[in-house]
>>> print(open('data-v1.txt').read())   # compact mmCIF, C-alpha atoms
# COMPACT_ATOMS: atom_id res chain seq x y z
CA MET A 1 130.26 110.51 30.79
CA ASN A 2 131.85 112.93 33.23
CA LYS A 3 134.25 115.83 32.91
CA VAL A 4 136.90 116.45 35.58
CA LEU A 5 138.79 119.68 36.30
CA ILE A 6 142.12 119.52 38.15
CA ILE A 7 143.48 122.74 39.66
CA GLY A 8 147.30 123.04 39.58
CA ARG A 9 150.34 122.84 37.33
CA GLY A 10 152.93 120.37 38.66
CA GLY A 11 153.93 116.72 38.91
CA ARG A 12 151.20 115.97 41.43
CA GLU A 13 148.55 117.27 39.02
CA HIS A 14 150.14 115.32 36.13
CA ALA A 15 149.87 112.15 38.27
CA LEU A 16 146.24 112.97 39.11
CA ALA A 17 145.41 113.49 35.42
CA MET A 18 146.95 110.09 34.60
CA LYS A 19 144.94 108.39 37.36
CA PHE A 20 141.64 110.02 36.34
CA SER A 21 142.34 109.02 32.71
CA GLU A 22 142.18 105.34 33.79
CA SER A 23 138.54 105.71 34.86
CA PRO A 24 135.91 104.50 32.38
CA HIS A 25 133.55 107.03 34.02
CA VAL A 26 135.64 110.05 32.97
CA SER A 27 135.41 111.34 29.40
CA THR A 28 137.42 114.56 29.57
CA ILE A 29 140.11 115.89 31.93
CA PHE A 30 140.97 119.58 32.09
CA VAL A 31 143.90 120.94 34.10
CA ALA A 32 144.13 124.64 34.96
CA PRO A 33 146.72 125.86 34.22
CA GLY A 34 148.49 122.50 33.80
CA ASN A 35 151.76 122.13 31.90
CA VAL A 36 153.04 120.97 28.52
CA GLY A 37 153.85 117.42 29.71
CA MET A 38 150.31 116.40 30.57
CA LYS A 39 148.75 117.14 27.20
CA ASP A 40 148.63 113.44 26.30
CA VAL A 41 146.13 112.76 29.14
CA ALA A 42 144.43 116.14 29.64
CA THR A 43 143.48 119.45 28.04
CA THR A 44 145.34 122.34 29.68
CA ILE A 45 143.40 125.54 30.33
CA ASP A 46 145.18 128.87 30.58
CA ILE A 47 143.60 129.99 33.86
CA ASP A 48 145.73 130.60 36.96
CA GLU A 49 144.88 128.36 39.92
CA ASN A 50 144.09 131.43 42.04
CA ASN A 51 141.73 133.06 39.53
CA PHE A 52 138.59 131.68 41.19
CA SER A 53 136.02 133.65 39.16
CA GLU A 54 137.41 132.41 35.81
CA LEU A 55 137.71 128.83 37.10
CA ILE A 56 134.09 128.91 38.26
CA LYS A 57 132.97 130.35 34.94
CA PHE A 58 134.85 127.58 33.10
CA ALA A 59 133.45 124.81 35.36
CA LYS A 60 129.90 126.02 34.72
CA LYS A 61 130.39 126.42 30.97
CA GLU A 62 131.88 122.92 30.59
CA ASN A 63 129.44 121.28 33.01
CA ILE A 64 132.32 119.89 35.10
CA LYS A 65 131.19 116.96 37.26
CA LEU A 66 134.12 117.08 39.72
CA THR A 67 136.86 119.60 40.47
CA PHE A 68 139.96 118.41 42.35
CA VAL A 69 142.32 120.94 43.95
CA GLY A 70 146.03 120.01 43.92
CA PRO A 71 148.02 122.85 45.57
CA GLU A 72 147.64 124.45 48.98
CA VAL A 73 147.41 128.16 48.12
CA PRO A 74 143.96 128.05 46.43
CA LEU A 75 142.67 125.89 49.32
CA VAL A 76 143.93 128.28 52.00
CA ASN A 77 142.46 131.17 49.98
CA GLY A 78 139.01 129.55 49.94
CA ILE A 79 138.51 128.06 46.46
CA VAL A 80 136.29 125.27 47.85
CA ASP A 81 133.96 127.77 49.54
CA LYS A 82 133.61 129.77 46.29
CA PHE A 83 132.85 126.67 44.20
CA LYS A 84 130.28 125.46 46.74
CA GLU A 85 128.59 128.88 46.73
CA ASN A 86 128.12 128.27 43.00
CA ASN A 87 126.74 124.73 43.53
CA LEU A 88 129.80 123.14 41.93
CA ASN A 89 131.11 119.73 43.01
CA ILE A 90 134.66 120.16 44.37
CA PHE A 91 136.95 117.93 46.44
CA GLY A 92 139.06 119.65 49.09
CA PRO A 93 138.83 121.33 52.49
CA THR A 94 137.18 124.70 53.05
CA LYS A 95 139.16 127.82 53.91
CA ALA A 96 138.35 127.27 57.60
CA ALA A 97 139.64 123.68 57.50
CA SER A 98 142.71 124.44 55.33
CA ILE A 99 144.16 126.49 58.19
CA ILE A 100 145.58 123.18 59.45
CA GLU A 101 148.23 123.73 56.75
CA GLY A 102 147.94 127.51 56.40
CA SER A 103 149.11 128.16 59.97
CA LYS A 104 151.71 126.05 61.80
CA ASP A 105 150.72 127.89 65.00
CA PHE A 106 147.08 126.82 64.58
CA SER A 107 147.96 123.17 63.95
CA LYS A 108 150.37 123.04 66.92
CA ASN A 109 147.75 124.59 69.22
CA LEU A 110 145.14 122.13 67.94
CA MET A 111 147.46 119.22 68.74
CA LYS A 112 148.20 120.58 72.20
CA LYS A 113 144.49 121.08 72.97
CA TYR A 114 143.46 117.58 71.84
CA ASN A 115 146.54 115.67 73.07
CA ILE A 116 147.72 114.70 69.60
CA PRO A 117 151.43 113.79 69.94
CA THR A 118 153.88 116.34 68.49
CA ALA A 119 157.15 118.10 69.33
CA GLU A 120 157.37 120.65 72.16
CA TYR A 121 157.14 124.19 70.75
CA GLU A 122 156.61 127.92 71.25
CA THR A 123 155.46 130.58 68.77
CA PHE A 124 157.06 134.02 68.40
CA THR A 125 156.41 137.26 66.51
CA GLU A 126 159.38 139.21 67.93
CA LEU A 127 163.08 138.51 67.68
CA ARG A 128 164.27 139.09 71.26
CA PRO A 129 161.97 136.62 73.08
CA ALA A 130 162.58 134.08 70.29
CA VAL A 131 166.36 134.33 70.81
CA GLU A 132 165.91 134.02 74.59
CA TYR A 133 163.90 130.80 74.05
CA LEU A 134 166.67 129.46 71.81
CA LYS A 135 169.25 130.04 74.52
CA LYS A 136 167.25 127.81 76.89
CA SER A 137 166.87 125.08 74.22
CA LYS A 138 169.28 122.47 72.90
CA PRO A 139 170.48 122.17 69.29
CA PRO A 140 169.57 121.24 66.64
CA TYR A 141 166.86 123.90 66.47
CA VAL A 142 163.79 123.57 64.24
CA LEU A 143 162.45 126.92 62.99
CA LYS A 144 159.20 127.01 61.02
CA ALA A 145 157.59 129.93 59.23
CA ASP A 146 153.97 129.98 60.39
CA GLY A 147 152.41 130.39 56.93
CA LEU A 148 152.83 128.87 53.47
CA ALA A 149 156.37 128.92 52.09
CA ALA A 150 156.23 126.37 49.24
CA GLY A 151 157.89 123.62 51.30
CA LYS A 152 160.91 125.81 52.12
CA GLY A 153 159.74 127.42 55.38
CA VAL A 154 161.33 124.84 57.70
CA VAL A 155 164.97 125.42 58.65
CA ILE A 156 166.98 123.06 60.87
CA CYS A 157 169.90 124.87 62.53
CA ASN A 158 172.81 123.03 64.13
CA ASN A 159 174.09 125.86 66.33
CA ILE A 160 172.82 128.96 68.08
CA ASN A 161 174.45 131.45 65.66
CA GLU A 162 172.85 129.82 62.65
CA ALA A 163 169.48 129.77 64.46
CA GLU A 164 169.73 133.45 65.45
CA ASN A 165 170.58 134.46 61.87
CA THR A 166 167.66 132.40 60.52
CA LEU A 167 165.31 134.05 63.02
CA LYS A 168 166.55 137.48 61.89
CA ASP A 169 165.91 136.49 58.26
CA MET A 170 162.37 135.44 59.13
CA LEU A 171 161.25 138.01 61.69
CA SER A 172 163.33 141.08 60.78
CA GLN A 173 164.39 140.66 57.14
CA ASN A 174 160.99 139.37 55.94
CA LYS A 175 162.59 136.42 54.08
CA PHE A 176 159.27 134.55 53.82
CA GLY A 177 157.04 137.65 53.69
CA ASP A 178 153.82 137.36 55.70
CA ALA A 179 154.37 133.60 56.06
CA GLY A 180 157.34 134.28 58.36
CA ALA A 181 155.78 137.05 60.47
CA LYS A 182 155.20 134.35 63.08
CA VAL A 183 157.79 131.64 63.74
CA VAL A 184 157.30 128.33 65.53
CA ILE A 185 160.42 127.04 67.31
CA GLU A 186 160.15 123.37 68.14
CA GLU A 187 162.06 120.49 69.60
CA PHE A 188 164.10 118.40 67.15
CA LEU A 189 162.65 114.89 66.97
CA VAL A 190 164.78 111.83 66.23
CA GLY A 191 163.37 108.83 64.39
CA GLU A 192 162.15 107.66 61.01
CA GLU A 193 159.91 110.05 59.10
CA PHE A 194 157.08 108.94 56.82
CA SER A 195 154.08 110.46 55.05
CA PHE A 196 150.63 109.19 55.98
CA MET A 197 147.75 110.58 53.93
CA ALA A 198 144.05 109.86 54.26
CA PHE A 199 140.80 110.74 52.58
CA VAL A 200 138.76 112.46 55.28
CA ASN A 201 135.06 113.34 55.42
CA ASN A 202 134.23 115.03 58.72
CA GLU A 203 134.96 112.29 61.31
CA LYS A 204 135.38 109.49 58.75
CA VAL A 205 139.01 108.67 57.94
CA TYR A 206 140.13 106.41 55.08
CA PRO A 207 143.91 105.88 55.36
CA LEU A 208 145.98 105.56 52.19
CA GLU A 209 149.15 103.49 51.85
CA LEU A 210 152.34 104.96 53.32
CA SER A 211 155.00 106.81 51.41
CA LYS A 212 158.30 108.43 52.33
CA ASP A 213 159.57 111.75 51.01
CA HIS A 214 163.23 112.84 50.75
CA LYS A 215 163.22 116.52 51.71
CA THR A 216 166.81 117.73 51.61
CA VAL A 217 168.45 118.67 48.32
CA PHE A 218 171.59 116.49 48.56
CA GLU A 219 172.34 112.82 49.28
CA ASN A 220 172.51 111.52 52.87
CA ASN A 221 169.97 114.15 53.95
CA GLN A 222 172.38 117.04 53.49
CA GLY A 223 171.64 120.62 52.46
CA PRO A 224 168.52 122.78 52.77
CA ASN A 225 164.96 121.49 52.74
CA THR A 226 163.11 121.50 49.42
CA GLY A 227 159.56 120.75 48.34
CA GLY A 228 160.75 117.12 47.96
CA MET A 229 163.53 115.42 45.94
CA GLY A 230 161.91 112.02 45.61
CA ALA A 231 159.65 109.51 47.31
CA TYR A 232 158.76 105.84 47.51
CA SER A 233 155.89 103.59 48.56
CA PRO A 234 155.43 101.32 50.49
CA VAL A 235 157.72 102.01 53.47
CA PRO A 236 158.89 98.55 54.63
CA SER A 237 160.54 99.80 57.84
CA ILE A 238 157.24 101.11 59.28
CA THR A 239 155.43 98.28 61.03
CA LYS A 240 151.72 97.47 61.08
CA GLU A 241 151.68 98.45 64.78
CA ILE A 242 153.07 101.91 63.98
CA ILE A 243 150.46 102.35 61.23
CA GLU A 244 147.62 101.35 63.57
CA SER A 245 148.93 103.66 66.29
CA SER A 246 149.11 106.55 63.79
CA VAL A 247 145.48 106.07 62.77
CA LYS A 248 144.27 105.68 66.36
CA ASN A 249 146.31 108.46 68.01
CA ILE A 250 146.73 110.97 65.19
CA LEU A 251 144.51 110.71 62.09
CA ASN A 252 141.20 109.88 63.80
CA PRO A 253 141.61 112.38 66.68
CA THR A 254 142.63 115.14 64.24
CA ALA A 255 139.52 114.65 62.09
CA LYS A 256 137.37 114.72 65.24
CA ALA A 257 139.21 117.77 66.61
CA MET A 258 138.54 119.75 63.41
CA VAL A 259 134.81 118.94 63.68
CA LYS A 260 134.80 120.07 67.33
CA GLU A 261 136.55 123.30 66.35
CA GLY A 262 133.79 124.06 63.84
CA ARG A 263 136.22 123.47 60.95
CA PRO A 264 135.12 120.06 59.60
CA PHE A 265 137.65 118.68 57.12
CA THR A 266 136.70 117.01 53.82
CA GLY A 267 139.60 116.28 51.48
CA VAL A 268 143.07 114.79 51.67
CA LEU A 269 144.67 115.16 55.10
CA TYR A 270 148.45 114.76 54.92
CA ALA A 271 150.25 113.87 58.14
CA GLY A 272 154.03 114.13 58.09
CA LEU A 273 154.92 111.74 60.93
CA ILE A 274 158.00 110.50 62.75
CA SER A 275 158.37 107.24 64.65
CA THR A 276 160.34 108.08 67.83
CA VAL A 277 161.31 106.10 70.93
CA ASP A 278 158.30 107.77 72.59
CA GLY A 279 155.88 106.71 69.84
CA VAL A 280 154.66 108.33 66.63
CA LYS A 281 154.52 112.15 66.58
CA VAL A 282 153.33 114.75 64.09
CA ILE A 283 155.90 116.89 62.30
CA GLU A 284 153.38 118.73 60.13
CA PHE A 285 149.92 118.61 58.63
CA ASN A 286 149.01 119.52 55.06
CA ALA A 287 145.54 119.98 53.63
CA ARG A 288 146.15 118.21 50.30
CA PHE A 289 148.06 115.47 48.51
CA GLY A 290 151.82 115.67 49.05
CA ASP A 291 154.21 116.25 46.18
CA PRO A 292 156.16 114.06 45.22
CA GLU A 293 154.31 111.45 47.35
CA THR A 294 151.23 111.57 45.08
CA GLU A 295 153.38 110.54 42.12
CA VAL A 296 154.35 107.25 43.86
CA LEU A 297 151.04 106.53 45.62
CA LEU A 298 148.57 106.86 42.76
CA PRO A 299 150.24 104.21 40.54
CA ARG A 300 149.62 101.72 43.39
CA LEU A 301 145.93 102.66 43.79
CA GLN A 302 143.77 100.09 42.01
CA SER A 303 140.40 101.66 42.89
CA ASP A 304 138.75 104.15 40.53
CA LEU A 305 139.75 107.58 41.87
CA PHE A 306 136.76 109.34 40.32
CA LEU A 307 134.26 106.95 41.95
CA ILE A 308 136.07 107.11 45.31
CA LEU A 309 135.84 110.90 45.44
CA GLN A 310 132.21 110.92 44.29
CA ASP A 311 131.31 108.45 47.04
CA ILE A 312 133.08 110.50 49.71
CA LEU A 313 131.30 113.68 48.61
CA ASN A 314 128.00 111.75 48.69
CA ASP A 315 128.80 110.59 52.25
CA LYS A 316 129.16 106.93 51.24
CA ASP A 317 131.77 104.62 52.78
CA ILE A 318 134.64 103.60 50.51
CA ASN A 319 136.93 100.60 50.21
CA LEU A 320 140.41 101.28 48.79
CA LYS A 321 142.29 98.58 46.85
CA TRP A 322 146.07 98.72 46.47
CA SER A 323 148.73 96.96 44.42
CA GLU A 324 151.36 95.01 46.35
CA GLU A 325 153.98 96.45 44.00
CA ALA A 326 156.41 99.22 44.93
CA CYS A 327 156.79 102.63 43.31
CA ILE A 328 159.67 105.09 43.41
CA GLY A 329 159.90 108.66 42.14
CA VAL A 330 163.04 110.74 41.58
CA VAL A 331 162.92 114.51 41.06
CA LEU A 332 165.17 116.19 38.49
CA CYS A 333 165.75 119.76 39.55
CA SER A 334 167.45 122.95 38.41
CA ASP A 335 170.95 123.88 39.52
CA GLY A 336 170.70 126.10 42.61
CA TYR A 337 167.26 124.88 43.74
CA PRO A 338 165.80 125.49 46.38
CA ASN A 339 167.51 128.87 46.17
CA LYS A 340 168.04 130.88 42.96
CA TYR A 341 168.05 128.99 39.68
CA LYS A 342 167.85 129.75 35.97
CA THR A 343 164.81 128.84 33.84
CA GLU A 344 164.06 128.34 30.13
CA ILE A 345 166.86 125.80 29.78
CA PRO A 346 166.15 123.31 26.94
CA ILE A 347 165.42 119.71 28.04
CA ASN A 348 166.75 116.90 25.84
CA GLY A 349 166.14 113.16 25.73
CA LEU A 350 162.52 113.03 26.94
CA LYS A 351 161.52 110.66 24.14
CA GLU A 352 164.46 108.33 24.73
CA VAL A 353 163.32 107.19 28.17
CA SER A 354 161.91 103.65 28.38
CA LYS A 355 158.12 103.36 28.14
CA ASN A 356 157.93 101.69 31.56
CA ILE A 357 159.12 104.93 33.21
CA ASN A 358 156.53 107.64 33.81
CA VAL A 359 157.95 111.09 33.09
CA LEU A 360 155.82 113.56 35.04
CA HIS A 361 156.30 117.27 34.40
CA SER A 362 156.60 119.65 37.36
CA GLY A 363 158.31 122.80 36.12
CA THR A 364 158.31 122.79 32.32
CA LYS A 365 156.86 124.86 29.48
CA GLU A 366 157.02 125.04 25.71
CA LYS A 367 159.09 127.73 24.02
CA ASN A 368 159.81 127.91 20.28
CA SER A 369 158.49 124.33 19.88
CA GLU A 370 160.87 122.84 22.46
CA ILE A 371 160.33 121.91 26.09
CA VAL A 372 162.28 124.06 28.55
CA THR A 373 162.56 124.36 32.33
CA SER A 374 160.24 126.74 34.17
CA GLY A 375 160.77 125.83 37.83
CA GLY A 376 163.08 124.44 40.49
CA ARG A 377 161.65 120.94 40.41
CA VAL A 378 161.50 120.19 36.69
CA LEU A 379 160.52 116.52 36.23
CA VAL A 380 159.60 113.51 38.36
CA LEU A 381 160.47 110.07 36.99
CA THR A 382 158.49 107.19 38.47
CA ASN A 383 158.47 103.42 38.08
CA ILE A 384 156.31 100.69 39.58
CA ALA A 385 157.83 97.22 39.91
CA ASN A 386 157.71 94.04 42.04
CA ASN A 387 159.85 95.60 44.76
CA LEU A 388 161.65 98.83 45.64
CA LYS A 389 165.05 97.49 44.58
CA LYS A 390 163.79 96.69 41.07
CA ALA A 391 161.90 100.01 40.73
CA ARG A 392 165.01 101.86 41.85
CA GLU A 393 167.20 100.01 39.37
CA ASN A 394 164.74 100.77 36.55
CA ILE A 395 164.72 104.51 37.31
CA TYR A 396 168.46 105.01 37.73
CA ASN A 397 169.20 103.02 34.55
CA GLU A 398 167.11 105.50 32.54
CA ILE A 399 167.46 108.80 34.33
CA GLU A 400 170.55 110.15 32.58
CA LYS A 401 168.95 109.84 29.16
CA ILE A 402 167.34 113.16 30.09
CA LYS A 403 169.68 116.13 30.00
CA PHE A 404 169.49 119.85 30.68
CA ASP A 405 172.22 122.24 31.81
CA GLY A 406 172.64 122.13 35.59
CA MET A 407 170.32 119.11 36.02
CA HIS A 408 170.59 117.73 39.54
CA PHE A 409 168.98 114.72 41.26
CA ARG A 410 169.57 112.66 44.39
CA LYS A 411 171.15 109.27 43.75
CA ASP A 412 169.96 107.72 47.04
CA ILE A 413 166.16 107.80 46.74
CA ALA A 414 164.65 104.61 48.26
CA ASP A 415 168.11 103.32 49.14
CA VAL A 416 166.67 101.09 51.85
>>> encode(input="data-v1.txt", output="structure tokens")
Amino acid sequence: MNKVLIIGRGGREHALAMKFSESPHVSTIFVAPGNVGMKDVATTIDIDENNFSELIKFAKKENIKLTFVGPEVPLVNGIVDKFKENNLNIFGPTKAASIIEGSKDFSKNLMKKYNIPTAEYETFTELRPAVEYLKKSKPPYVLKADGLAAGKGVVICNNINEAENTLKDMLSQNKFGDAGAKVVIEEFLVGEEFSFMAFVNNEKVYPLELSKDHKTVFENNQGPNTGGMGAYSPVPSITKEIIESSVKNILNPTAKAMVKEGRPFTGVLYAGLISTVDGVKVIEFNARFGDPETEVLLPRLQSDLFLILQDILNDKDINLKWSEEACIGVVLCSDGYPNKYKTEIPINGLKEVSKNINVLHSGTKEKNSEIVTSGGRVLVLTNIANNLKKARENIYNEIEKIKFDGMHFRKDIADV
């Protein structure tokens, strides 16, 4: 029997632990550092996800068969390279390949070079030329911090004053630290957004089912962008033709482009796409599973995740099987998120929620024998049902059994 180590601490990693626990080939699941909510399916290990030497030591000591990396920061910092140097089996892109998420400027230049459809853009490191470019552009303006900013580095500004102030925050006031030392300004695209993830192994691409993420904090797509307020899968409004076009014109060429650039990608490639009147275009690439998309995709995956990943790492072709059912996830977050928020607020009602609702923990911890908040996104509630309408009904009937001071959630997730 095989032991699995998951790197990370949030709802995505909780969903991964649940999926691995379904495999008859997996005996033990460890999550480092994990959280209090996943202890029923995994053993949490008190090692930070960026402490590579301790993680490697643990993987060797426990004879871990497979390590799966959830979040982007360890990937961009080269965890896969370090594990491979120690002959440890790990699923995720190398440091060189993770730059597709680690630098917006890199990914935009890659798309330009290989004719992968995306928005028009320019990159700036100084305020004055950036402002001059804005003056020649039309609102709304899309400003993106070049580096990693935990899902909050994209700001959409409706007028020139707002855009100039945001640029000052990024380039002069250091709002996003090193991540905002370079800013990509790009054309605002109009259309329907969706998330398209794929398992990739060099030039081989295995598309997953579609999902759709709700980014803004308030209903009707109002307020600032967050790491994600909810998601659903499948996405009925995206046609088979759009899916085929996305694979042909975006996913396959991107995998090939990374090989040509000497940065072959093995792992989960996340394409944030938008279907426009001019065809499908890329909004962003990530180098890992999306969050909260993972929480609604994995319940629909009928194949054994452990065997799939083993086969990919052994260069074997895979065949993914999916449920026809629909899954929805709603994020419960702290008051003030994505800006300042309080933590260590007691959470009540967790045991009162119906058994057919999965309660995945994102930002929780245990204090004095009770579960309290420890992050902006606190919990993700998911349900799988015959259709989106039913799954939605199931979630919203149960959601207010959970209570903590300042709890906020969107009431329009999957309102399609």
>>> residues_around(input="data-v1.txt", residues="Leu55 of chain A", least_positions_apart="3", cutoff="10 Å", atoms="only C-alpha atoms", output="PyMOL selection string")
chain A and resi 5+7+32-33+45-52+58-61+67+79+83
>>> closest_residue(input="data-v1.txt", among="A:Asp178, A:Glu132, A:Glu186, A:Glu398", to="Lys355 of chain A", atoms="all atoms listed in the file")
A:Glu398
>>> residues_around(input="data-v1.txt", residues="segment 336-349 of chain A", least_positions_apart="2", cutoff="8 Å", atoms="all atoms listed in the file", output="ChimeraX atom specification")
/A:152,217,224-226,333-334,351-353,367,370-377,401-405
>>> closest_residue(input="data-v1.txt", among="A:Ala17, A:Ala414, A:Met111, A:Leu350", to="Glu261 of chain A", atoms="all atoms listed in the file")
A:Met111
>>> residues_around(input="data-v1.txt", residues="Asn158 of chain A", least_positions_apart="4", cutoff="12 Å", atoms="all atoms listed in the file", output="PyMOL selection string")
chain A and resi 134+137-143+162-166+188+223
>>> residues_around(input="data-v1.txt", residues="segment 233-241 of chain A", least_positions_apart="5", cutoff="7 Å", atoms="only C-alpha atoms", output="VMD selection string")
chain A and resid 209 to 212 296 to 297 326 to 328
>>> closest_residue(input="data-v1.txt", among="A:Asp335, A:Glu203, A:Glu22, A:Glu293", to="Ala255 of chain A", atoms="all atoms listed in the file")
A:Glu203
